Every structure is written in C-alpha cells, then in structure tokens.
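**Student:** Data: input32.txt, compact mmCIF, C-alpha atoms and all ligand atoms.
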```
# COMPACT_ATOMS: atom_id res chain seq x y z
CA MET A 1 70.04 146.43 176.05
CA THR A 2 68.96 142.80 176.09
CA ASP A 3 71.33 140.03 175.28
CA ASP A 4 69.09 137.96 173.03
CA PRO A 5 70.74 134.62 172.19
CA ALA A 6 70.07 133.13 168.76
CA PRO A 7 67.06 130.79 168.90
CA PRO A 8 67.79 127.04 168.81
CA ARG A 9 67.26 125.30 165.47
CA CYS A 10 64.80 122.57 164.53
CA ARG A 11 66.32 119.13 165.07
CA PHE A 12 64.77 117.97 161.78
CA CYS A 13 64.78 120.84 159.26
CA GLY A 14 67.17 123.36 160.85
CA ALA A 15 64.73 126.32 160.84
CA PRO A 16 65.07 128.71 163.81
CA LEU A 17 62.64 127.84 166.60
CA THR A 18 60.90 131.07 167.53
CA THR A 19 57.53 129.75 168.78
CA THR A 20 57.05 128.34 172.28
CA PHE A 21 54.72 125.37 172.69
CA ILE A 22 55.11 125.26 176.50
CA ASP A 23 57.88 126.48 178.79
CA LEU A 24 57.81 124.22 181.86
CA GLY A 25 60.67 125.99 183.64
CA GLU A 26 63.65 124.16 185.10
CA THR A 27 63.15 120.52 186.10
CA PRO A 28 65.50 117.60 186.86
CA LEU A 29 65.93 114.79 184.32
CA ALA A 30 62.73 112.80 184.81
CA ASN A 31 64.40 109.39 185.16
CA SER A 32 67.31 110.43 187.40
CA PHE A 33 66.16 109.16 190.77
CA VAL A 34 68.28 110.42 193.65
CA THR A 35 69.36 109.35 197.15
CA GLU A 36 69.40 111.38 200.36
CA ALA A 37 73.19 111.67 199.88
CA ASP A 38 72.72 113.07 196.35
CA VAL A 39 70.36 115.71 197.69
CA ALA A 40 72.75 116.62 200.52
CA ALA A 41 75.60 116.96 197.98
CA GLY A 42 73.49 119.03 195.59
CA ARG A 43 73.51 116.27 192.92
CA ASP A 44 69.97 116.96 191.74
CA ARG A 45 70.45 119.35 188.88
CA ARG A 46 67.68 121.08 187.01
CA TYR A 47 67.66 121.90 183.32
CA PRO A 48 65.31 124.10 181.28
CA LEU A 49 62.35 122.12 179.93
CA HIS A 50 61.13 124.28 177.10
CA ALA A 51 59.13 122.75 174.25
CA ARG A 52 59.09 124.71 171.00
CA VAL A 53 57.32 124.13 167.69
CA CYS A 54 58.99 124.55 164.32
CA GLY A 55 57.11 126.92 162.02
CA GLU A 56 58.36 125.01 158.94
CA CYS A 57 57.82 121.30 159.71
CA PHE A 58 55.70 121.65 162.93
CA LEU A 59 57.96 119.33 164.88
CA VAL A 60 57.38 119.96 168.60
CA GLN A 61 60.68 119.45 170.40
CA VAL A 62 62.71 120.10 173.55
CA ASP A 63 66.36 121.06 173.79
CA GLU A 64 68.94 118.43 174.57
CA PRO A 65 70.42 119.57 177.93
CA VAL A 66 72.84 116.65 178.20
CA ARG A 67 74.16 114.39 175.47
CA ALA A 68 71.82 111.51 174.66
CA GLU A 69 74.67 109.04 175.15
CA ALA A 70 74.89 110.09 178.79
CA ILE A 71 71.19 109.37 179.27
CA PHE A 72 70.91 106.10 177.39
CA SER A 73 74.31 104.33 177.44
CA ASP A 74 73.69 102.66 180.80
CA TYR A 75 69.93 102.88 180.83
CA ALA A 76 68.32 101.41 183.94
CA TYR A 77 64.98 100.64 182.32
CA PHE A 78 64.42 97.02 181.37
CA SER A 79 61.26 96.63 179.32
CA SER A 80 60.39 93.21 180.70
CA PHE A 81 59.58 94.78 184.07
CA ALA A 82 56.29 96.26 182.79
CA ALA A 83 53.71 93.46 182.52
CA SER A 84 51.28 95.32 180.28
CA TRP A 85 54.13 96.25 177.93
CA VAL A 86 55.23 92.63 177.46
CA GLU A 87 51.63 91.75 176.57
CA HIS A 88 51.53 94.65 174.07
CA ALA A 89 54.70 93.24 172.47
CA ARG A 90 53.24 89.74 172.24
CA ARG A 91 50.12 90.98 170.45
CA TYR A 92 52.26 93.10 168.12
CA ALA A 93 54.39 90.09 167.12
CA GLU A 94 51.30 87.96 166.49
CA ALA A 95 49.68 90.63 164.32
CA MET A 96 52.83 91.30 162.25
CA ILE A 97 53.57 87.59 161.66
CA ALA A 98 50.02 87.08 160.34
CA ARG A 99 49.72 90.26 158.28
CA PHE A 100 53.12 90.11 156.58
CA ARG A 101 53.37 86.28 156.47
CA LEU A 102 56.69 86.17 158.29
CA GLY A 103 58.46 82.81 158.53
CA PRO A 104 61.81 81.02 158.88
CA ARG A 105 63.24 82.83 155.82
CA SER A 106 62.25 86.30 157.05
CA LEU A 107 64.33 88.68 159.14
CA VAL A 108 62.88 90.88 161.88
CA VAL A 109 65.04 93.72 163.20
CA GLU A 110 64.14 95.80 166.23
CA ILE A 111 65.68 99.21 166.89
CA ALA A 112 66.20 99.91 170.62
CA SER A 113 65.50 96.26 171.30
CA ASN A 114 66.11 96.58 175.05
CA ASP A 115 66.38 93.19 176.77
CA GLY A 116 64.70 91.33 173.90
CA TYR A 117 61.17 91.65 175.34
CA LEU A 118 59.69 91.94 171.81
CA LEU A 119 62.01 89.85 169.63
CA GLN A 120 61.59 86.83 171.93
CA HIS A 121 58.06 86.40 170.50
CA PHE A 122 59.40 86.21 166.93
CA ILE A 123 62.15 83.78 168.01
CA ALA A 124 59.49 81.56 169.61
CA ALA A 125 57.75 81.49 166.20
CA GLY A 126 60.98 80.35 164.49
CA ILE A 127 61.70 83.70 162.79
CA PRO A 128 65.31 85.00 162.61
CA THR A 129 65.82 88.29 164.46
CA LEU A 130 68.40 90.96 165.14
CA GLY A 131 68.21 93.55 167.90
CA VAL A 132 69.98 96.92 167.81
CA GLU A 133 70.39 98.42 171.29
CA PRO A 134 72.59 101.32 172.45
CA ALA A 135 72.89 100.37 176.14
CA ALA A 136 75.60 97.71 176.44
CA ASN A 137 74.35 96.38 179.80
CA VAL A 138 70.82 95.97 178.44
CA ALA A 139 72.08 94.34 175.20
CA ALA A 140 74.08 91.85 177.31
CA ALA A 141 70.87 90.83 179.07
CA ALA A 142 69.23 90.22 175.67
CA ILE A 143 72.16 88.15 174.37
CA ALA A 144 72.10 86.06 177.56
CA LYS A 145 68.43 85.28 176.75
CA GLY A 146 69.38 84.15 173.22
CA VAL A 147 68.35 87.29 171.35
CA PRO A 148 71.08 88.28 168.83
CA THR A 149 71.83 91.92 169.58
CA GLU A 150 74.14 94.54 168.10
CA VAL A 151 75.31 97.31 170.46
CA ALA A 152 74.84 100.51 168.45
CA PHE A 153 73.11 103.86 168.30
CA PHE A 154 70.95 103.39 165.23
CA GLY A 155 71.24 105.89 162.40
CA ARG A 156 72.61 106.15 158.89
CA ALA A 157 76.14 104.97 159.82
CA ALA A 158 74.98 101.93 161.81
CA ALA A 159 72.50 101.04 159.02
CA GLU A 160 75.26 101.19 156.40
CA ARG A 161 77.38 98.77 158.46
CA LEU A 162 74.42 96.38 158.77
CA ALA A 163 73.57 96.65 155.06
CA GLN A 164 77.20 95.84 154.14
CA ARG A 165 76.84 92.67 156.20
CA GLY A 166 73.80 91.75 154.09
CA VAL A 167 71.02 92.72 156.52
CA LYS A 168 67.75 93.04 154.55
CA ALA A 169 64.83 93.16 156.91
CA ASP A 170 61.27 92.10 156.16
CA LEU A 171 60.14 93.91 159.28
CA VAL A 172 61.88 96.62 161.27
CA ALA A 173 60.19 97.49 164.56
CA ALA A 174 60.80 100.90 166.09
CA ASN A 175 58.28 101.02 168.90
CA ASN A 176 58.53 103.96 171.27
CA VAL A 177 61.97 105.03 170.14
CA LEU A 178 61.32 107.69 167.48
CA ALA A 179 60.40 110.33 170.06
CA HIS A 180 63.61 109.65 172.01
CA VAL A 181 66.26 110.06 169.31
CA PRO A 182 68.15 113.38 169.23
CA ASP A 183 68.93 113.37 165.48
CA ILE A 184 65.60 112.25 164.07
CA ARG A 185 66.58 112.79 160.42
CA ASP A 186 69.73 110.65 160.66
CA PHE A 187 67.82 108.00 162.63
CA VAL A 188 64.97 107.64 160.12
CA ALA A 189 67.44 107.73 157.20
CA GLY A 190 68.80 104.37 158.39
CA PHE A 191 65.56 102.47 157.75
CA ALA A 192 65.50 102.52 153.94
CA LEU A 193 69.08 101.16 154.00
CA ILE A 194 68.23 97.96 155.89
CA LEU A 195 64.74 97.25 154.53
CA ALA A 196 64.20 94.55 151.89
CA PRO A 197 62.59 96.06 148.74
CA ASP A 198 59.08 95.31 150.06
CA GLY A 199 60.03 95.27 153.74
CA VAL A 200 57.92 97.09 156.34
CA ALA A 201 58.98 99.38 159.16
CA THR A 202 56.60 100.13 162.02
CA PHE A 203 56.95 103.17 164.25
CA GLU A 204 54.98 103.65 167.45
CA PHE A 205 54.92 107.00 169.18
CA PRO A 206 52.55 109.02 171.39
CA HIS A 207 50.32 111.09 169.13
CA LEU A 208 50.79 114.85 169.48
CA LEU A 209 47.09 115.36 168.76
CA ASN A 210 46.21 113.58 172.03
CA LEU A 211 48.87 115.47 173.96
CA ILE A 212 47.27 118.72 172.83
CA ARG A 213 43.63 117.72 173.16
CA GLN A 214 44.01 116.12 176.60
CA THR A 215 46.61 118.57 177.95
CA GLN A 216 49.10 115.76 178.60
CA PHE A 217 51.89 118.20 179.45
CA ASP A 218 53.33 115.67 181.90
CA THR A 219 54.43 113.51 178.94
CA ILE A 220 57.01 116.22 178.19
CA TYR A 221 60.45 115.52 179.69
CA HIS A 222 64.07 116.00 178.67
CA GLU A 223 64.68 112.47 177.37
CA HIS A 224 61.58 112.76 175.17
CA PHE A 225 62.99 114.99 172.45
CA SER A 226 60.20 115.01 169.84
CA TYR A 227 56.36 115.17 170.03
CA LEU A 228 55.04 113.82 166.78
CA SER A 229 52.09 114.21 164.48
CA LEU A 230 51.42 112.05 161.43
CA MET A 231 51.95 115.15 159.31
CA THR A 232 55.47 115.82 160.60
CA VAL A 233 56.54 112.17 160.49
CA GLU A 234 55.40 111.97 156.86
CA THR A 235 57.53 115.05 156.12
CA ILE A 236 60.52 113.26 157.71
CA PHE A 237 59.77 110.10 155.71
CA ALA A 238 59.65 112.05 152.44
CA ALA A 239 63.17 113.34 153.14
CA THR A 240 64.56 109.90 153.97
CA GLY A 241 63.29 107.54 151.25
CA LEU A 242 60.24 106.21 153.10
CA ARG A 243 56.48 106.58 152.78
CA ALA A 244 53.66 105.64 155.13
CA PHE A 245 51.04 103.19 153.86
CA ASP A 246 48.91 102.50 156.94
CA VAL A 247 48.29 103.71 160.47
CA GLU A 248 46.58 102.38 163.60
CA GLU A 249 45.52 104.41 166.61
CA LEU A 250 46.49 102.65 169.86
CA PRO A 251 45.48 103.37 173.48
CA THR A 252 49.08 103.08 174.80
CA HIS A 253 50.70 106.11 176.48
CA GLY A 254 47.44 108.09 176.41
CA GLY A 255 46.97 107.60 172.65
CA SER A 256 49.70 106.48 170.25
CA LEU A 257 50.07 105.91 166.53
CA ARG A 258 51.47 102.79 164.94
CA LEU A 259 52.63 103.90 161.54
CA PHE A 260 53.48 101.41 158.79
CA ALA A 261 56.16 102.56 156.36
CA CYS A 262 58.01 101.14 153.38
CA ARG A 263 60.59 102.27 150.86
CA THR A 264 59.20 104.93 148.52
CA ARG A 265 58.82 102.58 145.54
CA ALA A 266 57.64 99.48 147.44
CA ALA A 267 54.41 97.80 146.37
CA HIS A 268 52.33 98.38 149.55
CA ARG A 269 49.01 100.07 148.81
CA GLU A 270 47.91 102.96 150.93
CA ALA A 271 45.13 102.20 153.44
CA PRO A 272 42.15 104.63 153.49
CA ARG A 273 42.52 105.27 157.23
CA LEU A 274 45.80 107.10 156.55
CA ALA A 275 44.00 109.82 154.58
CA ALA A 276 41.33 109.96 157.31
CA LEU A 277 43.94 110.65 159.99
CA ARG A 278 45.65 113.29 157.85
CA ALA A 279 42.27 115.03 157.55
CA LYS A 280 41.71 114.77 161.32
CA GLU A 281 45.05 116.51 162.00
CA ARG A 282 44.29 119.24 159.47
CA GLU A 283 40.86 119.83 161.06
CA ALA A 284 42.61 120.20 164.43
CA GLY A 285 44.80 122.86 162.85
CA LEU A 286 48.13 121.06 163.33
CA ASP A 287 49.37 122.73 160.13
CA SER A 288 49.06 126.18 161.72
CA LEU A 289 50.97 127.65 164.69
CA ASP A 290 47.75 128.80 166.41
CA ALA A 291 46.93 125.21 167.45
CA TYR A 292 50.21 125.12 169.37
CA ARG A 293 50.11 128.60 170.87
CA GLY A 294 46.90 127.86 172.78
CA PHE A 295 48.46 125.05 174.84
CA ALA A 296 50.15 126.94 177.70
CA PRO A 297 47.00 128.49 179.26
CA ARG A 298 45.37 125.06 179.30
CA VAL A 299 48.29 123.67 181.32
CA GLU A 300 47.60 126.29 184.00
CA ALA A 301 43.96 125.16 184.00
CA VAL A 302 45.11 121.59 184.80
CA LYS A 303 47.56 122.60 187.55
CA ARG A 304 45.22 124.90 189.53
CA PRO A 305 42.52 122.34 190.48
CA PHE A 306 45.18 119.82 191.52
CA LEU A 307 46.89 122.33 193.81
CA ALA A 308 43.45 123.24 195.21
CA PHE A 309 42.83 119.54 195.90
CA LEU A 310 46.14 119.27 197.82
CA ALA A 311 45.36 122.42 199.81
CA GLN A 312 41.94 121.09 200.76
CA ALA A 313 43.33 117.67 201.75
CA ARG A 314 45.86 119.44 203.99
CA ALA A 315 43.17 121.66 205.52
CA GLU A 316 41.08 118.57 206.31
CA GLY A 317 44.06 116.71 207.77
CA LYS A 318 43.90 113.99 205.10
CA SER A 319 47.05 112.13 204.04
CA VAL A 320 48.08 111.98 200.39
CA ALA A 321 50.40 109.43 198.73
CA ALA A 322 51.09 108.72 195.07
CA TYR A 323 51.47 105.67 192.90
CA GLY A 324 53.97 105.20 190.05
CA ALA A 325 57.48 106.71 189.97
CA ALA A 326 57.38 107.19 186.19
CA ALA A 327 58.81 110.01 184.09
CA LYS A 328 55.45 111.69 183.52
CA GLY A 329 54.82 111.89 187.27
CA ASN A 330 58.10 113.68 187.78
CA THR A 331 57.31 116.32 185.18
CA PHE A 332 53.86 116.77 186.68
CA LEU A 333 55.04 117.12 190.30
CA ASN A 334 57.95 119.42 189.49
CA VAL A 335 55.89 121.69 187.23
CA CYS A 336 53.24 121.90 189.98
CA GLY A 337 55.94 122.58 192.61
CA VAL A 338 54.77 119.64 194.74
CA THR A 339 57.17 118.25 197.41
CA SER A 340 57.23 115.61 200.13
CA ALA A 341 55.39 118.12 202.33
CA ASP A 342 52.34 117.67 200.05
CA ILE A 343 52.68 113.99 199.09
CA ALA A 344 54.20 111.76 201.77
CA CYS A 345 55.52 108.95 199.56
CA VAL A 346 55.12 107.25 196.20
CA PHE A 347 54.63 103.51 195.75
CA ASP A 348 56.34 101.74 192.85
CA ARG A 349 56.91 98.10 191.99
CA SER A 350 60.42 98.65 190.60
CA THR A 351 62.90 97.41 193.19
CA ALA A 352 65.58 99.55 191.47
CA LYS A 353 63.65 102.69 192.42
CA GLN A 354 62.53 101.73 195.94
CA GLY A 355 64.54 103.48 198.67
CA LYS A 356 65.38 106.37 196.37
CA LEU A 357 63.70 109.78 196.05
CA LEU A 358 61.90 111.28 193.09
CA PRO A 359 64.11 113.90 191.39
CA GLY A 360 63.20 117.47 192.35
CA SER A 361 60.24 116.76 194.60
CA HIS A 362 62.32 114.38 196.81
CA ILE A 363 59.29 112.23 197.58
CA PRO A 364 60.50 108.83 198.92
CA ILE A 365 59.74 105.73 196.81
CA LEU A 366 58.35 102.72 198.70
CA ALA A 367 57.33 99.17 197.81
CA PRO A 368 53.55 98.92 197.18
CA GLU A 369 53.24 96.30 199.94
CA ARG A 370 53.89 99.06 202.49
CA ILE A 371 50.65 100.89 201.68
CA GLY A 372 48.94 99.02 204.54
CA GLU A 373 51.25 100.74 207.08
CA ILE A 374 50.75 104.21 205.58
CA LYS A 375 46.99 103.96 204.86
CA PRO A 376 46.78 107.15 202.77
CA ASP A 377 43.37 108.81 202.47
CA TYR A 378 44.17 109.67 198.84
CA LEU A 379 46.35 107.83 196.33
CA VAL A 380 47.32 110.05 193.37
CA VAL A 381 47.88 107.81 190.33
CA LEU A 382 50.64 109.58 188.38
CA PRO A 383 50.63 107.26 185.31
CA TRP A 384 46.98 108.07 184.56
CA ASN A 385 47.20 105.94 181.40
CA LEU A 386 47.40 102.85 183.67
CA ILE A 387 44.55 103.87 186.03
CA ASP A 388 42.44 100.75 185.42
CA GLU A 389 45.33 98.37 186.08
CA ILE A 390 46.43 100.32 189.19
CA LYS A 391 42.88 100.55 190.59
CA THR A 392 42.71 96.76 190.44
CA ASN A 393 46.18 96.21 191.93
CA MET A 394 45.73 98.73 194.76
CA LYS A 395 42.06 98.13 195.63
CA VAL A 396 43.21 97.42 199.22
CA ILE A 397 42.82 101.17 199.91
CA ALA A 398 39.05 100.57 200.12
CA GLU A 399 39.68 98.88 203.49
CA TRP A 400 40.38 102.24 205.16
CA GLY A 401 38.18 104.38 202.91
CA GLY A 402 41.01 105.54 200.65
CA ARG A 403 40.29 107.08 197.25
CA PHE A 404 42.16 107.30 193.94
CA VAL A 405 43.00 110.63 192.33
CA VAL A 406 44.05 111.41 188.76
CA ALA A 407 45.12 114.91 187.75
CA VAL A 408 45.30 114.80 183.93
CA PRO A 409 43.38 115.89 181.88
CA GLN A 410 41.52 117.12 184.98
CA THR A 411 41.59 116.39 188.73
CA ARG A 412 39.13 113.64 189.58
CA VAL A 413 38.64 111.72 192.84
CA LEU A 414 37.61 108.13 192.17
CA ALA A 415 36.11 105.55 194.52
CA PRO A 416 38.11 102.29 194.62
ZN ZN A 501 61.49 121.97 161.43
```
Output the structure of this file as structure tokens.
Ligand SMILES: [Zn+2]

**Tutor:**
Amino acid sequence: MTDDPAPPRCRFCGAPLTTTFIDLGETPLANSFVTEADVAAGRDRRYPLHARVCGECFLVQVDEPVRAEAIFSDYAYFSSFAASWVEHARRYAEAMIARFRLGPRSLVVEIASNDGYLLQHFIAAGIPTLGVEPAANVAAAAIAKGVPTEVAFFGRAAAERLAQRGVKADLVAANNVLAHVPDIRDFVAGFALILAPDGVATFEFPHLLNLIRQTQFDTIYHEHFSYLSLMTVETIFAATGLRAFDVEELPTHGGSLRLFACRTRAAHREAPRLAALRAKEREAGLDSLDAYRGFAPRVEAVKRPFLAFLAQARAEGKSVAAYGAAAKGNTFLNVCGVTSADIACVFDRSTAKQGKLLPGSHIPILAPERIGEIKPDYLVVLPWNLIDEIKTNMKVIAEWGGRFVVAVPQTRVLAP
C-alpha cells in the first residue's frame, strides 16, 4: 500500500496541485552561501524543489520549505550593488515621471523598496515617496539615505494601515517582488487599497513564456515562489480589484513583463499591445496543461551537453571556473550535480559572498581580480542574462586563451 499524501494546494486559488511542471530534486536554498565550518557541521540543508502548475489558474509555483520571514527578514541582498540594476531603476523613474506627469503633489510608493535604489530617483526629481520594505536592516540603510521607509511585509493588512494614514499613491512600483511573495492573493489585494482613484501600479516579473521557451529552469529556486504569465496575473487582478491596461516586454532576467495596472473602474484605456500579448500566450498553449507537461524532457536536453562539455574539459586537462554566484547558478549547478571537482572556483564581485562556498556544490567564491592567478581555460558564465556585460568585464581571459561558456538555453563556447 502506498502512503499518498494529499497534494499541496495552489497558493492563489486553492485548487489541488496534481500536475508537475518540473521536479528538480532536493537542493539547498539558492541564496544561503555557506562556510567550510557550516559544511563540516552539516549546516547545508537541502529541500525539495518541485514546481507544479495549477490546473485551474495555471499558476506555476514551488512549495515554501521554510517560512518567507526566515528568508527575507534579514536579507543580505542590497540592490545598489548591481550596477545594471541601478541603471534600470533610473530609466524606469524617468519613464514613469514623464508618462504619468508626476510632480511635487504626487506620491510614489515602492513595495520591497530595498535600500532606496529606485525611490532615490523620484526624490531627486522632487517627488514625495514612501518605501515599504520587510527587512529591517535594509530599511535602515534606506532611511539613512533619506528615503522614507516603512518596515512591513506588504499585503492587505499593511495596506489598510497605510490607507488609514491617508496614503493614496499615484504610482506604486512592485518591480521583481510579485514572484517572491508567498501569499500572492493577499499581496496583490493591498494595491487597490493604497492607489489613488486613477493611480497606477506597475509589476515587473520574469515572463513564464520565456522560461518555457528558453528552458530557463535555473531561474527556479525556493525563494522564487511563483512563475507568472500575463494570463494568470490578470486572473489574480480580477479577484483583487485591479485590471491591467498596458504591458511592456523587457530584456531583464531573460525576458520580463512590466505590467501596468489600475483600479477596476479607473479611467486608463487599454493599450492594444495587451491584447497582442494575451494572444501570444494563447498561441503558446499556456491555457492548457500540455504546454507545461513538455518542460521536463527539455531540461534533460540542456543538462546533458553541459555535463559532456565538463567531461571533455577534464579529459583534455583543461581548467574550468565560473563567474557569478547568483541564485540561478546555484540551481543550475545543483541540478546538474556539479561540484568543486568539476569547477574549481567561482568569481563574484560581492564582497559579502567572497570567501564563502556556493550552497550544495561547495565551490569557493573568489574576488574577480584573482582570475589572473587561476587562469582558467574556460569561464562558465552562470548569469547568462548578463553575458555581454561579463564578457566585457572579464575580457582579460583572452590573454591566456581562455573562453567563455554559457549553458542555457544550450551549451555554447564563446571566444572572448
Ligand atoms: Zn490555482
């Protein structure tokens, strides 16, 4: 007799989740870098990383192995450390100020405002702002920089408190947070409560259609709870008093959407490109489970050539290092079963990560300046979405005939 536990339930609509999108086995939390002492003491736990798709609302989602508060309350990631991300934020602020004519009488709120990397651009333009950030240490850094910040997990309750204090936002930015909230319905329900009648909320998130088409399985990790299509987000909006009125496709994170939303009865007219994107998702079959069931075999087809590349490099006596100790690299390496026997070290600019080991694979993290001592024959660029930037920054490998390698959506060796 098998002991079949009840399937988990959809984090949006509550339907039982009976269809697997991809089961990636047991992996460590992708952002929990470890020390030699942690490894010796067995403090490098693995948790099931199993993405399922809901047959009712088509939300692709992973289980929550540890409470979100434990992951995010003292979050080590400070947005200002990523140069390209700060530039993305600056362009966003410029575009929103112009399009929605924001000025000194407007209010811009950002959810998960981090260290104020985005709101600082609105403040510089003389526009009042308010950040909402769950990690107290990160919020303190924002306040020290002059960015008013409320320490809170955003959701219906936090939004009610803000609304009672008279918060009515002309713009609410939620960039790269929607995919990371455990209770997505409660989170989205907060927006209508703090928006002015014609206020605008923007949501940026990696587009599930790109994840599927380009086999970006390495963007799946425990802290990334939801994998979103326009279709599913519009279903969530409809249940929470919002509607989308425009969408932009962005190159960030391997292909993201920036969705513009307003309260259901607001005056914003719907842009034609919204209907075009809905049609594109329907043509790709995102409203049928078959589109999701075909993903797992394609992941195998990405892993095999990369493992063959490593085997060949070893056979030829070539050294392999990696670049970028980011979450997606950790999923990729752990799912492929790669260790420090295959990849000697990984270079990363974050001083907080240097000297530590990648979770699971235990590959040591070194400062990029040390690449001249190591002189790897191959440099595997784990954040493939930043390949152009990294090729420029690490072109020194040409001096000893080194080559770049990316593994997603397929293994390619690139000349510097
Ligand atoms: Zn559902």

**Student:** Check every protein, DNA and RNA residue against ligand ZN 501 (chain A), keep those with an atom at most 12 Å away (counting all atoms listed in the file), and present them as JSON, numbers by chain.

**Tutor:** {"A": [8, 9, 10, 11, 12, 13, 14, 15, 16, 17, 18, 19, 52, 53, 54, 55, 56, 57, 58, 59, 60, 61, 184, 185, 226, 228, 231, 232, 233, 235, 236]}

**Student:** Kindly provide, as a compact mmCIF listing (two decimals) with C-alpha atoms, keeping the file's coordinate frame, the polymer residues lying within 6 Å of (37.2, 105.0, 194.7), counting all atoms listed in the file and using the coordinates exactly as they appear in the file.

**Tutor:**
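Now in point25.txt:
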```txt
# COMPACT_ATOMS: atom_id res chain seq x y z
CA ARG A 403 40.29 107.08 197.25
CA PHE A 404 42.16 107.30 193.94
CA LEU A 414 37.61 108.13 192.17
CA ALA A 415 36.11 105.55 194.52
CA PRO A 416 38.11 102.29 194.62
```

**Student:** Please identify all polymer residues within 9 Å of Leu119 of chain A, counting all atoms listed in the file, omitting same-chain residues fewer than 5 positions from it, and present them as an NGL selection string.

**Tutor:** :A and (89 or 93 or 108-110 or 113 or 124 or 129-131 or 147)

**Student:** Please produce a file of the residues just selected, as a JSON list (two decimals), keeping the file's coordinate frame, where the atoms kept are C-alpha atoms.

**Tutor:**
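This is the output file out-v6.json:
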```json
[["chain", "number", "residue", "atom", "x", "y", "z"],
["A", 89, "ALA", "CA", 54.70, 93.24, 172.47],
["A", 93, "ALA", "CA", 54.39, 90.09, 167.12],
["A", 108, "VAL", "CA", 62.88, 90.88, 161.88],
["A", 109, "VAL", "CA", 65.04, 93.72, 163.20],
["A", 110, "GLU", "CA", 64.14, 95.80, 166.23],
["A", 113, "SER", "CA", 65.50, 96.26, 171.30],
["A", 124, "ALA", "CA", 59.49, 81.56, 169.61],
["A", 129, "THR", "CA", 65.82, 88.29, 164.46],
["A", 130, "LEU", "CA", 68.40, 90.96, 165.14],
["A", 131, "GLY", "CA", 68.21, 93.55, 167.90],
["A", 147, "VAL", "CA", 68.35, 87.29, 171.35]]
```

**Student:** For Val299 of chain A, please output as a PDB file with C-alpha atoms, in the frame of the given file all residues within 7 Å (counting only C-alpha atoms; exclusion window: fewer than 3 positions along the same chain).

**Tutor:**
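Contents of out.pdb, as written:
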```
ATOM      1  CA  THR A 215      46.610 118.570 177.950  1.00  0.00           C
ATOM      2  CA  PHE A 217      51.890 118.200 179.450  1.00  0.00           C
ATOM      3  CA  PHE A 295      48.460 125.050 174.840  1.00  0.00           C
ATOM      4  CA  ALA A 296      50.150 126.940 177.700  1.00  0.00           C
ATOM      5  CA  VAL A 302      45.110 121.590 184.800  1.00  0.00           C
ATOM      6  CA  LYS A 303      47.560 122.600 187.550  1.00  0.00           C
TER       7      LYS A 303
END
```

**Student:** Do you have, as a Markdown table, the list of residues of segment 154-246 of chain A lying at most 10 Å from segment 274-283 of chain A, each with its nearest atom pair and that distance in Å to one decimal, counting only C-alpha atoms and ordered by chain then number?

**Tutor:**
```
| residue | atom | partner | partner_atom | distance |
| --- | --- | --- | --- | --- |
| A:Leu208 | CA | A:Glu281 | CA | 9.6 |
| A:Leu209 | CA | A:Glu281 | CA | 7.2 |
| A:Ser229 | CA | A:Glu281 | CA | 7.8 |
| A:Leu230 | CA | A:Arg278 | CA | 6.9 |
| A:Met231 | CA | A:Arg278 | CA | 6.7 |
| A:Glu234 | CA | A:Arg278 | CA | 9.9 |
| A:Ala244 | CA | A:Leu274 | CA | 8.1 |
| A:Phe245 | CA | A:Leu274 | CA | 7.1 |
| A:Asp246 | CA | A:Leu274 | CA | 5.6 |
```

**Student:** Pull C-alpha atoms from the residues just selected and write them as a short mmCIF file (atom, residue, chain, number, x, y, z; two decimals), in the coordinates of the input.

**Tutor:**
```cif
data_model
loop_
_atom_site.label_atom_id
_atom_site.label_comp_id
_atom_site.auth_asym_id
_atom_site.auth_seq_id
_atom_site.Cartn_x
_atom_site.Cartn_y
_atom_site.Cartn_z
CA LEU A 208 50.79 114.85 169.48
CA LEU A 209 47.09 115.36 168.76
CA SER A 229 52.09 114.21 164.48
CA LEU A 230 51.42 112.05 161.43
CA MET A 231 51.95 115.15 159.31
CA GLU A 234 55.40 111.97 156.86
CA ALA A 244 53.66 105.64 155.13
CA PHE A 245 51.04 103.19 153.86
CA ASP A 246 48.91 102.50 156.94
#
```

**Student:** Please compute the atom CA of Glu316 of chain A-atom CA of Pro376 of chain A distance, one decimal, in Å.

**Tutor:**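 Taking atom CA of Glu316 of chain A as the start and atom CA of Pro376 of chain A as the end point, the length is 13.2 Å.
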
**Student:** In Å, with one decimal, what is the gap from atom CA of Gly360 of chain A to atom CA of Thr27 of chain A?

**Tutor:**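 Atom-to-atom, atom CA of Gly360 of chain A and atom CA of Thr27 of chain A are spaced 7.0 Å apart.
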
**Student:** Can you measure atom CA of Ser340 of chain A to atom CA of Ile212 of chain A for me? One decimal in Å is fine.

**Tutor:**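 Computed distance, atom CA of Ser340 of chain A to atom CA of Ile212 of chain A, equals 29.2 Å.
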
**Student:** Taking all atoms of segment 94-97 of chain A that the file lists, what box with edges along x, y and z, padded by 4 Å per side, do you get, with centre and edge lengths in Å to one decimal, as AutoDock Vina command-line options?

**Tutor:**
```
--center_x 51.6 --center_y 89.4 --center_z 164.1 --size_x 11.9 --size_y 11.7 --size_z 12.8
```

**Student:** Could you check which of A:Ala159, A:Leu107, A:Lys145, A:Val181 is closest to Asp63 of chain A, using only C-alpha atoms?

**Tutor:**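 Looking at the shortest contact to Asp63 of chain A, the residue is A:Val181.
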
**Student:** Pick out the closest residue to Lys353 of chain A from this set: A:Ile22, A:Ala112, A:Leu286, A:Val34. Count all atoms listed in the file.

**Tutor:** A:Val34
